[in-house]
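See below for query_9.txt, which holds compact mmCIF, C-alpha atoms.
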```txt
# COMPACT_ATOMS: atom_id res chain seq x y z
CA MET A 1 73.97 135.09 97.51
CA LYS A 2 75.79 133.47 100.43
CA PRO A 3 74.93 129.74 100.82
CA ARG A 4 73.06 128.62 103.93
CA LEU A 5 74.92 126.91 106.74
CA TRP A 6 71.95 125.04 108.22
CA THR A 7 71.25 122.70 105.35
CA LYS A 8 69.67 119.28 105.89
CA ASN A 9 73.05 117.59 105.38
CA TYR A 10 74.76 119.83 107.92
CA ILE A 11 72.04 119.19 110.51
CA LEU A 12 72.30 115.42 109.98
CA MET A 13 76.08 115.61 110.35
CA ILE A 14 75.71 117.60 113.58
CA VAL A 15 73.17 115.14 115.03
CA GLY A 16 75.12 112.04 114.01
CA THR A 17 78.38 113.39 115.38
CA PHE A 18 76.65 114.33 118.66
CA ILE A 19 75.21 110.83 119.13
CA SER A 20 78.54 109.18 118.38
CA ALA A 21 80.41 111.52 120.71
CA LEU A 22 78.11 110.71 123.64
CA GLY A 23 79.32 107.12 123.75
CA GLY A 24 82.88 107.76 122.60
CA ILE A 25 83.61 110.20 125.39
CA GLY A 26 82.44 107.79 128.07
CA LEU A 27 84.58 105.02 126.63
CA ASN A 28 87.64 107.27 126.31
CA ILE A 29 87.32 108.44 129.91
CA ALA A 30 87.08 104.84 131.16
CA PHE A 31 90.10 103.68 129.17
CA GLY A 32 92.04 106.67 130.44
CA LEU A 33 91.43 105.62 134.04
CA VAL A 34 91.30 101.83 134.07
CA VAL A 35 95.03 101.29 133.58
CA PHE A 36 96.11 103.68 136.34
CA ASP A 37 93.48 102.28 138.69
CA ASN A 38 94.90 98.78 138.20
CA THR A 39 98.63 99.61 138.05
CA GLN A 40 98.97 102.86 140.07
CA SER A 41 101.77 103.87 137.67
CA THR A 42 101.73 106.95 135.45
CA PHE A 43 104.41 105.36 133.27
CA MET A 44 102.38 102.18 132.68
CA SER A 45 99.40 104.38 131.87
CA GLY A 46 101.50 106.48 129.53
CA LEU A 47 102.96 103.39 127.89
CA PHE A 48 99.46 102.01 127.36
CA SER A 49 98.31 105.26 125.78
CA ALA A 50 101.42 105.54 123.63
CA ILE A 51 101.23 101.99 122.26
CA SER A 52 97.51 102.36 121.63
CA MET A 53 98.32 105.20 119.24
CA ILE A 54 100.60 103.17 116.96
CA PRO A 55 97.82 102.78 114.34
CA ASN A 56 97.69 106.57 114.10
CA ILE A 57 101.23 106.68 112.74
CA LEU A 58 101.00 104.69 109.52
CA PHE A 59 97.35 103.85 108.97
CA PRO A 60 96.32 107.41 108.00
CA LEU A 61 98.79 107.17 105.09
CA VAL A 62 96.70 104.32 103.72
CA VAL A 63 93.31 105.70 104.71
CA GLY A 64 93.84 109.20 103.30
CA PRO A 65 94.57 108.15 99.70
CA TYR A 66 91.80 105.54 99.86
CA ILE A 67 89.18 108.07 100.95
CA ASP A 68 90.43 110.55 98.35
CA ARG A 69 89.36 107.95 95.74
CA HIS A 70 86.02 106.92 97.25
CA ASP A 71 82.77 108.46 98.42
CA PRO A 72 83.69 109.49 102.01
CA LEU A 73 80.14 109.06 103.31
CA LYS A 74 79.91 105.44 102.14
CA VAL A 75 83.28 104.71 103.71
CA LEU A 76 82.15 106.33 106.98
CA LEU A 77 78.90 104.38 107.24
CA LYS A 78 80.47 100.98 106.49
CA ASN A 79 83.21 101.63 109.01
CA GLU A 80 80.79 102.68 111.76
CA LYS A 81 78.86 99.42 111.34
CA MET A 82 82.09 97.47 111.85
CA LEU A 83 82.89 99.51 114.95
CA ALA A 84 79.49 98.69 116.47
CA ILE A 85 80.24 94.98 116.08
CA ILE A 86 83.67 95.42 117.66
CA PHE A 87 82.18 97.26 120.66
CA ILE A 88 79.71 94.44 121.30
CA ILE A 89 82.41 91.75 121.13
CA ALA A 90 84.76 93.79 123.34
CA GLY A 91 81.97 94.34 125.87
CA PHE A 92 81.40 90.62 126.30
CA PHE A 93 85.15 89.94 126.53
CA VAL A 94 85.70 92.56 129.23
CA HIS A 95 82.61 91.42 131.16
CA PHE A 96 83.75 87.79 131.39
CA ASN A 97 87.53 88.26 131.70
CA GLY A 98 88.16 91.37 133.80
CA PHE A 99 91.29 93.52 133.61
CA SER A 100 94.18 92.38 131.43
CA TYR A 101 96.78 94.96 130.42
CA TRP A 102 97.69 93.37 127.09
CA ALA A 103 94.16 92.27 126.19
CA TYR A 104 92.86 95.77 126.81
CA LEU A 105 95.70 97.11 124.71
CA LEU A 106 94.74 94.82 121.84
CA ILE A 107 91.12 96.00 122.06
CA ILE A 108 92.07 99.68 122.00
CA LEU A 109 94.44 99.08 119.08
CA LEU A 110 91.63 97.51 117.06
CA ILE A 111 89.24 100.32 117.91
CA GLY A 112 91.96 102.80 116.98
CA LEU A 113 92.38 101.32 113.50
CA PHE A 114 88.70 101.70 112.66
CA GLY A 115 88.50 105.01 114.48
CA ILE A 116 91.09 106.50 112.14
CA VAL A 117 88.94 105.59 109.15
CA SER A 118 85.87 107.22 110.72
CA GLU A 119 87.76 110.35 111.71
CA THR A 120 89.38 110.86 108.30
CA ALA A 121 86.17 110.11 106.39
CA SER A 122 84.17 112.40 108.68
CA GLN A 123 86.60 115.25 108.03
CA SER A 124 86.15 114.83 104.29
CA VAL A 125 82.34 114.68 104.61
CA SER A 126 82.01 117.75 106.85
CA ALA A 127 84.44 119.78 104.73
CA GLN A 128 82.21 119.25 101.69
CA VAL A 129 78.72 119.60 103.18
CA ILE A 130 79.77 123.01 104.54
CA ALA A 131 80.27 125.77 101.95
CA LYS A 132 83.69 127.46 102.18
CA GLU A 133 82.01 130.75 103.01
CA ASN A 134 80.58 129.11 106.14
CA TYR A 135 83.72 127.28 107.28
CA SER A 136 84.36 129.50 110.31
CA ARG A 137 80.82 129.24 111.71
CA GLY A 138 80.30 125.66 110.56
CA PHE A 139 83.46 124.24 112.12
CA ALA A 140 82.96 126.36 115.26
CA LEU A 141 79.55 124.80 115.82
CA MET A 142 80.81 121.28 115.11
CA SER A 143 83.69 121.84 117.51
CA THR A 144 81.17 122.47 120.31
CA ILE A 145 79.74 118.96 119.97
CA TYR A 146 82.56 117.13 121.74
CA PRO A 147 82.80 119.54 124.70
CA LEU A 148 79.01 119.65 125.06
CA CYS A 149 78.91 115.87 125.23
CA GLN A 150 81.79 115.88 127.68
CA VAL A 151 79.89 118.25 129.95
CA LEU A 152 76.91 115.91 129.84
CA VAL A 153 78.78 112.62 129.93
CA ALA A 154 81.95 113.06 132.06
CA PRO A 155 80.29 112.81 135.52
CA ILE A 156 77.93 110.07 134.29
CA ALA A 157 80.78 108.11 132.70
CA LEU A 158 82.80 108.22 135.92
CA PHE A 159 79.79 106.92 137.85
CA LEU A 160 79.03 104.14 135.33
CA TYR A 161 82.69 103.12 135.14
CA HIS A 162 83.12 102.83 138.91
CA ARG A 163 79.67 101.31 139.49
CA TYR A 164 79.18 98.98 136.49
CA GLY A 165 82.57 98.69 134.80
CA LEU A 166 84.02 99.12 131.33
CA ALA A 167 81.82 96.51 129.65
CA THR A 168 78.66 98.55 130.18
CA LEU A 169 80.23 101.52 128.38
CA PHE A 170 81.12 99.27 125.42
CA PHE A 171 77.50 98.16 125.04
CA ILE A 172 76.19 101.74 125.32
CA TYR A 173 78.62 102.91 122.65
CA ALA A 174 77.59 100.09 120.31
CA ILE A 175 73.95 101.18 120.49
CA LEU A 176 74.79 104.85 119.96
CA THR A 177 77.04 104.01 117.00
CA LEU A 178 74.20 102.19 115.24
CA ILE A 179 71.91 105.17 115.81
CA ASP A 180 74.64 107.40 114.35
CA VAL A 181 74.77 105.21 111.23
CA TRP A 182 71.02 105.51 110.74
CA VAL A 183 71.10 109.30 111.06
CA GLU A 184 74.06 109.94 108.74
CA SER A 185 72.77 107.49 106.12
CA ASN A 186 70.16 110.16 105.30
CA ILE A 187 72.80 112.61 104.05
CA VAL A 188 72.42 113.25 100.31
CA HIS A 189 75.32 115.02 98.60
CA GLU A 190 77.48 114.72 95.48
CA PHE A 191 80.87 114.30 97.08
CA VAL A 192 83.99 115.31 95.17
CA TYR A 193 86.74 112.70 95.10
CA ASN A 194 89.46 111.54 92.75
CA THR A 195 87.85 109.22 90.18
CA ASP A 196 90.82 108.96 87.82
CA THR A 197 91.89 105.53 89.04
CA VAL A 198 89.04 104.56 91.33
CA ASN A 199 88.73 101.12 89.75
CA THR A 200 92.42 100.38 89.65
CA LYS A 201 94.98 99.47 92.26
CA ILE A 202 95.83 102.43 94.46
CA ASN A 203 99.40 103.67 93.93
CA LEU A 204 100.13 104.35 97.59
CA VAL A 205 103.71 105.54 97.07
CA HIS A 206 102.61 108.00 94.38
CA ASP A 207 99.77 109.33 96.53
CA LEU A 208 102.04 109.80 99.54
CA LYS A 209 104.61 111.63 97.46
CA GLU A 210 101.87 113.81 96.03
CA GLY A 211 100.50 114.68 99.45
CA TYR A 212 103.98 115.33 100.84
CA ALA A 213 104.89 117.54 97.87
CA TYR A 214 101.67 119.52 98.29
CA LEU A 215 102.40 120.07 101.98
CA LYS A 216 106.10 120.77 101.57
CA LYS A 217 105.62 123.66 99.14
CA ASP A 218 103.60 125.59 101.74
CA ARG A 219 105.90 126.79 104.53
CA ALA A 220 103.02 128.15 106.59
CA LEU A 221 101.24 124.77 106.64
CA VAL A 222 104.46 123.03 107.65
CA SER A 223 105.03 125.60 110.41
CA VAL A 224 101.52 125.09 111.78
CA LEU A 225 102.06 121.32 111.69
CA VAL A 226 105.32 121.58 113.67
CA PHE A 227 103.91 124.03 116.23
CA SER A 228 100.73 122.01 116.70
CA SER A 229 102.92 118.97 117.31
CA PHE A 230 104.62 120.86 120.15
CA VAL A 231 101.20 121.72 121.60
CA VAL A 232 100.00 118.12 121.33
CA PHE A 233 103.20 116.94 123.08
CA THR A 234 102.52 119.26 126.02
CA SER A 235 98.85 118.24 126.17
CA ALA A 236 100.00 114.86 127.51
CA GLY A 237 100.50 116.69 130.80
CA SER A 238 96.73 116.48 131.35
CA ASN A 239 97.23 112.72 131.86
CA LEU A 240 98.54 113.62 135.31
CA TRP A 241 95.31 115.29 136.42
CA TYR A 242 93.56 112.05 137.35
CA PRO A 243 96.53 110.66 139.36
CA PHE A 244 96.84 114.06 141.08
CA PHE A 245 93.16 114.13 142.07
CA SER A 246 93.02 110.45 143.05
CA ASN A 247 96.05 110.81 145.35
CA SER A 248 95.05 114.16 146.83
CA GLU A 249 94.05 114.43 150.48
CA THR A 250 91.49 117.15 149.75
CA LEU A 251 90.29 116.41 146.21
CA THR A 252 88.37 113.42 144.80
CA ILE A 253 87.91 111.71 141.44
CA TYR A 254 84.48 113.36 141.22
CA ASP A 255 86.20 116.73 141.53
CA TYR A 256 88.25 115.58 138.56
CA GLY A 257 85.00 114.89 136.71
CA ILE A 258 83.75 118.39 137.56
CA ILE A 259 86.98 119.95 136.30
CA THR A 260 86.74 117.99 133.05
CA ALA A 261 83.12 119.01 132.53
CA ILE A 262 83.80 122.69 133.29
CA GLY A 263 86.70 122.81 130.84
CA SER A 264 84.48 121.31 128.17
CA ALA A 265 81.73 123.80 129.03
CA GLY A 266 84.19 126.63 128.40
CA TYR A 267 85.15 125.10 125.09
CA MET A 268 81.48 124.75 124.17
CA PHE A 269 80.64 128.36 125.01
CA GLY A 270 83.69 129.46 123.07
CA GLY A 271 82.33 127.62 120.06
CA LEU A 272 78.91 129.21 120.43
CA ILE A 273 80.45 132.67 120.66
CA HIS A 274 82.66 131.99 117.65
CA SER A 275 79.68 130.77 115.62
CA PHE A 276 77.82 134.06 116.07
CA PHE A 277 80.71 136.53 116.18
CA VAL A 278 83.17 135.93 113.38
CA ILE A 279 86.68 137.21 114.06
CA LYS A 280 87.81 139.77 111.50
CA ASP A 281 90.41 138.68 108.97
CA ASN A 282 93.25 140.83 110.35
CA TRP A 283 92.58 139.91 114.01
CA ARG A 284 92.90 136.11 113.96
CA TYR A 285 96.67 135.92 114.31
CA ILE A 286 97.03 138.31 117.24
CA ILE A 287 94.15 136.65 119.11
CA ALA A 288 95.66 133.18 118.60
CA VAL A 289 99.09 134.33 119.83
CA GLY A 290 97.56 135.92 122.92
CA VAL A 291 95.70 132.70 123.72
CA TYR A 292 98.90 130.66 123.34
CA PHE A 293 100.69 132.75 125.99
CA ILE A 294 97.72 132.58 128.37
CA PHE A 295 97.78 128.78 128.09
CA VAL A 296 101.46 128.65 129.00
CA VAL A 297 100.95 130.65 132.20
CA LEU A 298 97.71 129.09 133.45
CA ASP A 299 98.48 125.47 132.56
CA ALA A 300 101.91 125.73 134.22
CA THR A 301 100.34 126.86 137.50
CA PHE A 302 97.12 124.79 137.33
CA LEU A 303 97.93 122.15 139.95
CA PHE A 304 99.10 124.83 142.42
CA MET A 305 95.64 126.45 142.45
CA PRO A 306 92.78 125.97 144.93
CA PHE A 307 89.83 124.04 143.51
CA ILE A 308 87.64 127.09 142.79
CA LEU A 309 90.43 128.77 140.84
CA MET A 310 91.05 125.48 139.00
CA CYS A 311 87.43 125.53 137.84
CA LEU A 312 87.64 129.14 136.66
CA THR A 313 90.93 128.44 134.88
CA ARG A 314 89.62 125.39 133.02
CA PHE A 315 86.52 127.29 131.89
CA LEU A 316 88.59 130.21 130.63
CA LEU A 317 91.11 128.00 128.86
CA GLY A 318 88.32 125.97 127.33
CA LEU A 319 86.67 129.11 125.98
CA LEU A 320 89.92 130.58 124.64
CA GLY A 321 91.26 127.25 123.41
CA MET A 322 88.22 126.61 121.24
CA ASN A 323 88.67 129.93 119.47
CA SER A 324 92.39 129.45 118.78
CA ALA A 325 91.73 125.89 117.59
CA ASN A 326 88.97 127.13 115.27
CA ILE A 327 91.27 129.80 113.86
CA ARG A 328 93.88 127.16 113.08
CA THR A 329 91.43 124.59 111.69
CA THR A 330 89.54 126.95 109.42
CA ALA A 331 92.76 128.49 108.13
CA ILE A 332 94.15 125.06 107.22
CA GLN A 333 90.94 123.79 105.64
CA HIS A 334 90.51 127.04 103.73
CA ARG A 335 94.00 126.60 102.25
CA LEU A 336 93.65 122.92 101.26
CA GLU A 337 92.22 121.68 97.97
CA SER A 338 89.49 119.00 98.25
CA LYS A 339 91.35 116.38 96.24
CA HIS A 340 94.39 116.63 98.54
CA ARG A 341 92.59 117.26 101.84
CA ALA A 342 92.52 113.68 103.15
CA LYS A 343 96.19 113.04 102.32
CA VAL A 344 97.39 116.23 103.99
CA ASN A 345 95.08 115.71 106.98
CA GLY A 346 96.65 112.26 107.20
CA PHE A 347 100.12 113.78 107.55
CA PHE A 348 98.83 116.10 110.26
CA SER A 349 97.25 113.15 112.07
CA ILE A 350 100.50 111.19 111.99
CA ALA A 351 102.57 114.10 113.28
CA PHE A 352 100.12 114.70 116.13
CA SER A 353 100.03 111.00 117.01
CA LEU A 354 103.83 110.76 117.18
CA SER A 355 103.98 113.90 119.31
CA LEU A 356 101.30 112.67 121.70
CA MET A 357 102.92 109.23 121.97
CA LEU A 358 106.25 110.80 122.86
CA GLY A 359 104.56 113.19 125.26
CA GLN A 360 102.71 110.38 127.04
CA LEU A 361 105.90 108.39 127.50
CA VAL A 362 107.91 111.36 128.74
CA VAL A 363 105.14 112.67 131.01
CA GLY A 364 104.41 109.17 132.36
CA TYR A 365 108.09 108.55 133.09
CA LEU A 366 108.54 111.91 134.81
CA GLY A 367 105.23 111.51 136.69
CA ASP A 368 106.59 108.47 138.54
CA ARG A 369 109.72 110.43 139.55
CA LEU A 370 108.80 114.09 139.99
CA PRO A 371 105.90 115.98 141.58
CA TYR A 372 103.07 116.26 139.07
CA GLU A 373 103.11 120.06 139.36
CA TRP A 374 106.71 120.33 138.15
CA VAL A 375 106.08 118.05 135.21
CA LEU A 376 103.34 120.40 133.99
CA ILE A 377 105.75 123.34 134.25
CA LEU A 378 108.25 121.49 132.04
CA CYS A 379 105.50 120.80 129.50
CA GLN A 380 104.62 124.48 129.28
CA LEU A 381 108.25 125.44 128.73
CA VAL A 382 108.11 123.25 125.61
CA TYR A 383 104.91 125.07 124.56
CA LEU A 384 106.63 128.45 125.09
CA PHE A 385 109.60 127.32 122.96
CA GLY A 386 107.21 126.51 120.09
CA ILE A 387 105.60 129.96 120.27
CA VAL A 388 108.90 131.82 120.21
CA VAL A 389 110.60 129.75 117.51
CA ILE A 390 107.68 129.00 115.16
CA ILE A 391 104.67 131.29 115.69
CA LEU A 392 106.35 134.67 116.16
CA PRO A 393 108.92 134.76 113.29
CA SER A 394 107.25 136.37 110.25
CA LYS A 395 109.28 134.20 107.84
CA ASN A 396 107.12 131.18 108.75
CA GLY A 397 104.00 132.81 107.30
CA ILE A 398 101.66 131.96 110.19
CA LYS A 399 100.21 135.46 110.30
CA THR A 400 99.29 135.37 106.61
CA LEU A 401 97.80 131.87 106.94
CA TYR A 402 95.65 132.77 109.95
CA ASN A 403 94.54 136.15 108.55
CA TYR A 404 93.23 134.73 105.27
CA SER A 405 90.61 136.82 103.52
CA THR A 406 87.01 135.70 103.69
CA GLN A 407 86.18 137.96 100.75
CA LYS A 408 86.20 136.56 97.23
```

Using the file provided, produce a representation of the structure as structure tokens.
Amino acid sequence: MKPRLWTKNYILMIVGTFISALGGIGLNIAFGLVVFDNTQSTFMSGLFSAISMIPNILFPLVVGPYIDRHDPLKVLLKNEKMLAIIFIIAGFFVHFNGFSYWAYLLIILLIGLFGIVSETASQSVSAQVIAKENYSRGFALMSTIYPLCQVLVAPIALFLYHRYGLATLFFIYAILTLIDVWVESNIVHEFVYNTDTVNTKINLVHDLKEGYAYLKKDRALVSVLVFSSFVVFTSAGSNLWYPFFSNSETLTIYDYGIITAIGSAGYMFGGLIHSFFVIKDNWRYIIAVGVYFIFVVLDATFLFMPFILMCLTRFLLGLLGMNSANIRTTAIQHRLESKHRAKVNGFFSIAFSLSLMLGQLVVGYLGDRLPYEWVLILCQLVYLFGIVVIILPSKNGIKTLYNYSTQK
């Protein structure tokens, strides 16, 4: 008998993640805008974003092995309580001191450190409260949470940011984080983790070698990691949307908010479709490849479009992007063993962080020197290179990885 997806634990995880995402999205939007608003430089904004991601490079290497040896839910709850305290302190600091490039950077670095713990622990929790047979539907539904919240929050966050400032968003997020802790504290599950040396000093070097060895022996996983890094690099091009809209003679920052919400709505509907209609085993690869090529064409021409066509494009790419992301995520999680999941996810997180940091620096530098439209075209040429060199060659094993069998 196939296990149920909608267990009490899964529902609590969905609700808790939704509550947390409501505040997190508003805060992320504000931090993404405040630097450009005060510096009017895409490079300074890119530099801010790149430096703020430094914790994502090395910290996951410590967090992954630690969570592999501890109950991930307990780690998650303790960390969320610390984050709530940080949000309150940061809110008061921002309220009384105003904009300071380096002070804001220090705040976002601190939030980033604790955010990595929450993200890694949450991945381990969700991967175990969902039965493997339900991974495709379960992760598809969870992946709709962030875009749904973005649809609801993006216009409101822009209004609150411009009307009341960053401090207000900090206080709102603190309250929502505490509610999230209360909800997820009701999860009851026997989590699987490495108990061999749980009471001894963690051998970090050994754990890292073990995780690296596990990843290295699987060419398909390595290929997905490299390709996804290319995609993350090109995603930094979206950092130019806000400067483009804010400097446009015909568009406004609220149009930017609408575009963001519509893209998230597409992603959300894609998740809902994917949760009810499971893609057949031998169709996942070809669908993912088709989506990749569509992204290259539409993202490269996005800023040349009239506003109505922009809206349609973002909705379509959101819908398609969710499905390709779900194909990749479920394939990776299906392949990984529970005792190695956090370590390998840590390597993925580091690779993506490095790629995004580099992308933000390159895109920010080019954005101060070239028309924003041409920078996006260059980004999509990088995306296209990744498809041709990594995804299409059969020797990399992507097709086999994506088309895994759901039958025992």

Closest atom pairs, region 82-194 of chain A residues within 7 Å of region 35-57 of chain A, all atoms listed in the file, as a tab-separated table:
```
residue	atom	partner	partner_atom	distance
A:Leu105	CA	A:Ser52	CA	6.4
A:Ile108	CA	A:Ser52	CA	6.1
A:Leu109	CA	A:Ser52	CA	5.2
A:Gly112	CA	A:Pro55	CA	6.4
A:Leu113	CA	A:Pro55	CA	5.7
A:Ile116	CA	A:Asn56	CA	6.9
```

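Distances to Gly290 (chain A) were evaluated for A:Leu354, A:Ile391, A:Ser405, A:Phe347 using all atoms listed in the file, and the minimum falls at A:Ile391.
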
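Rounded to one decimal, CA of Cys379 (chain A) and CA of Ile398 (chain A) lie 22.6 Å from each other.
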
| Which distance in Å separates CA of Ile14 (chain A) and CA of Tyr292 (chain A), to one decimal? |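 Value for the CA of Ile14 (chain A)-CA of Tyr292 (chain A) distance: 28.3 Å.
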
| said: Between CA of Thr260 (chain A) and CA of Phe307 (chain A), what distance in Å does the model show, to one decimal? | reply: 12.5 Å

| said: So that I can check the surroundings of Val117 (chain A), please list as a ChimeraX atom specification every protein, DNA and RNA residue that reaches within 8 Å of it, counting all atoms listed in the file and ignoring chain neighbours fewer than 3 positions away. | reply: /A:60,63,75-76,79,113-114,120-121

Identify, on the basis of only C-alpha atoms, every residue whose closest approach to region 224-234 of chain A does not exceed 9 Å; exclude the query and any residue fewer than 5 positions from it along the same chain; express the result as an mmCIF file with C-alpha atoms, in the coordinates of the input.
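Written output follows (result-v4.cif):
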```cif
data_model
loop_
_atom_site.group_PDB
_atom_site.id
_atom_site.type_symbol
_atom_site.label_atom_id
_atom_site.label_comp_id
_atom_site.auth_asym_id
_atom_site.auth_seq_id
_atom_site.Cartn_x
_atom_site.Cartn_y
_atom_site.Cartn_z
ATOM 1 C CA ARG A 219 105.900 126.790 104.530
ATOM 2 C CA ARG A 328 93.880 127.160 113.080
ATOM 3 C CA ILE A 332 94.150 125.060 107.220
ATOM 4 C CA PHE A 347 100.120 113.780 107.550
ATOM 5 C CA PHE A 348 98.830 116.100 110.260
ATOM 6 C CA ALA A 351 102.570 114.100 113.280
ATOM 7 C CA PHE A 352 100.120 114.700 116.130
ATOM 8 C CA SER A 353 100.030 111.000 117.010
ATOM 9 C CA LEU A 354 103.830 110.760 117.180
ATOM 10 C CA SER A 355 103.980 113.900 119.310
ATOM 11 C CA LEU A 356 101.300 112.670 121.700
ATOM 12 C CA MET A 357 102.920 109.230 121.970
ATOM 13 C CA LEU A 358 106.250 110.800 122.860
ATOM 14 C CA GLY A 359 104.560 113.190 125.260
ATOM 15 C CA GLN A 360 102.710 110.380 127.040
ATOM 16 C CA VAL A 363 105.140 112.670 131.010
ATOM 17 C CA LEU A 376 103.340 120.400 133.990
ATOM 18 C CA LEU A 378 108.250 121.490 132.040
ATOM 19 C CA CYS A 379 105.500 120.800 129.500
ATOM 20 C CA GLN A 380 104.620 124.480 129.280
ATOM 21 C CA LEU A 381 108.250 125.440 128.730
ATOM 22 C CA VAL A 382 108.110 123.250 125.610
ATOM 23 C CA TYR A 383 104.910 125.070 124.560
ATOM 24 C CA PHE A 385 109.600 127.320 122.960
ATOM 25 C CA GLY A 386 107.210 126.510 120.090
ATOM 26 C CA ILE A 387 105.600 129.960 120.270
ATOM 27 C CA VAL A 389 110.600 129.750 117.510
ATOM 28 C CA ILE A 390 107.680 129.000 115.160
ATOM 29 C CA ILE A 391 104.670 131.290 115.690
ATOM 30 C CA ASN A 396 107.120 131.180 108.750
ATOM 31 C CA ILE A 398 101.660 131.960 110.190
#
```

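Nearest to Val362 (chain A) of all the residues A:Gly271, A:Gly237, A:Arg335, A:Leu312 is A:Gly237, counting all atoms listed in the file.
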
| said: When you count only C-alpha atoms, which of these residues is closest to Met142 (chain A): A:Ala21, A:Val344, A:Val183, A:Leu366? | reply: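 Ranked by minimum distance to Met142 (chain A), first place goes to A:Ala21.
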
| query | Any idea what's packed within 7 Å of region 143-153 of chain A, counting all atoms listed in the file, ignoring anything in its chain fewer than 2 positions away? Could you give it as a ChimeraX atom specification? | reply | /A:18,21-22,25-26,139-141,155-157,261-262,264-265,267-268,271

| message | Can you pull out the residues contacting Ser122 (chain A)? Cut-off 8 Å, using all atoms listed in the file, and skip same-chain residues under 3 positions away; I want them as a VMD selection string. | response | chain A and resid 72 to 73 76 118 to 119 125 to 126

| task | Would you list the contacts of Tyr402 (chain A) as a list in words, taking every protein, DNA or RNA residue within 9 Å and counting only C-alpha atoms, but skipping same-chain residues closer than 3 positions in sequence? | result |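 That gives Asp281, Asn282, Trp283, Arg284, Tyr285, Ala288, Ile327, Arg328, Thr330, Ala331, Ile332, Gly397, Ile398 and Lys399 of chain A.
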
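Each of A:Ala325, A:Ile253, A:Ala90, A:Ile350 was checked against Val289 (chain A) using only C-alpha atoms; the smallest atom-to-atom distance is that of A:Ala325.
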
| field | Given only C-alpha atoms as the counted atoms, nearest of A:Ile89, A:Trp241, A:Asn323, A:Tyr66 to Leu272 (chain A) | value |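 Going through A:Ile89, A:Trp241, A:Asn323, A:Tyr66 one by one, the smallest distance to Leu272 (chain A) is for A:Asn323.
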
Could you work out an axis-aligned box for region 213-216 of chain A, taking every atom the file lists and adding 3 Å on each side, and report centre and edge lengths in Å to one decimal, as JSON?
```
{"center_x": 103.9, "center_y": 119.2, "center_z": 99.9, "size_x": 10.4, "size_y": 9.2, "size_z": 10.1}
```
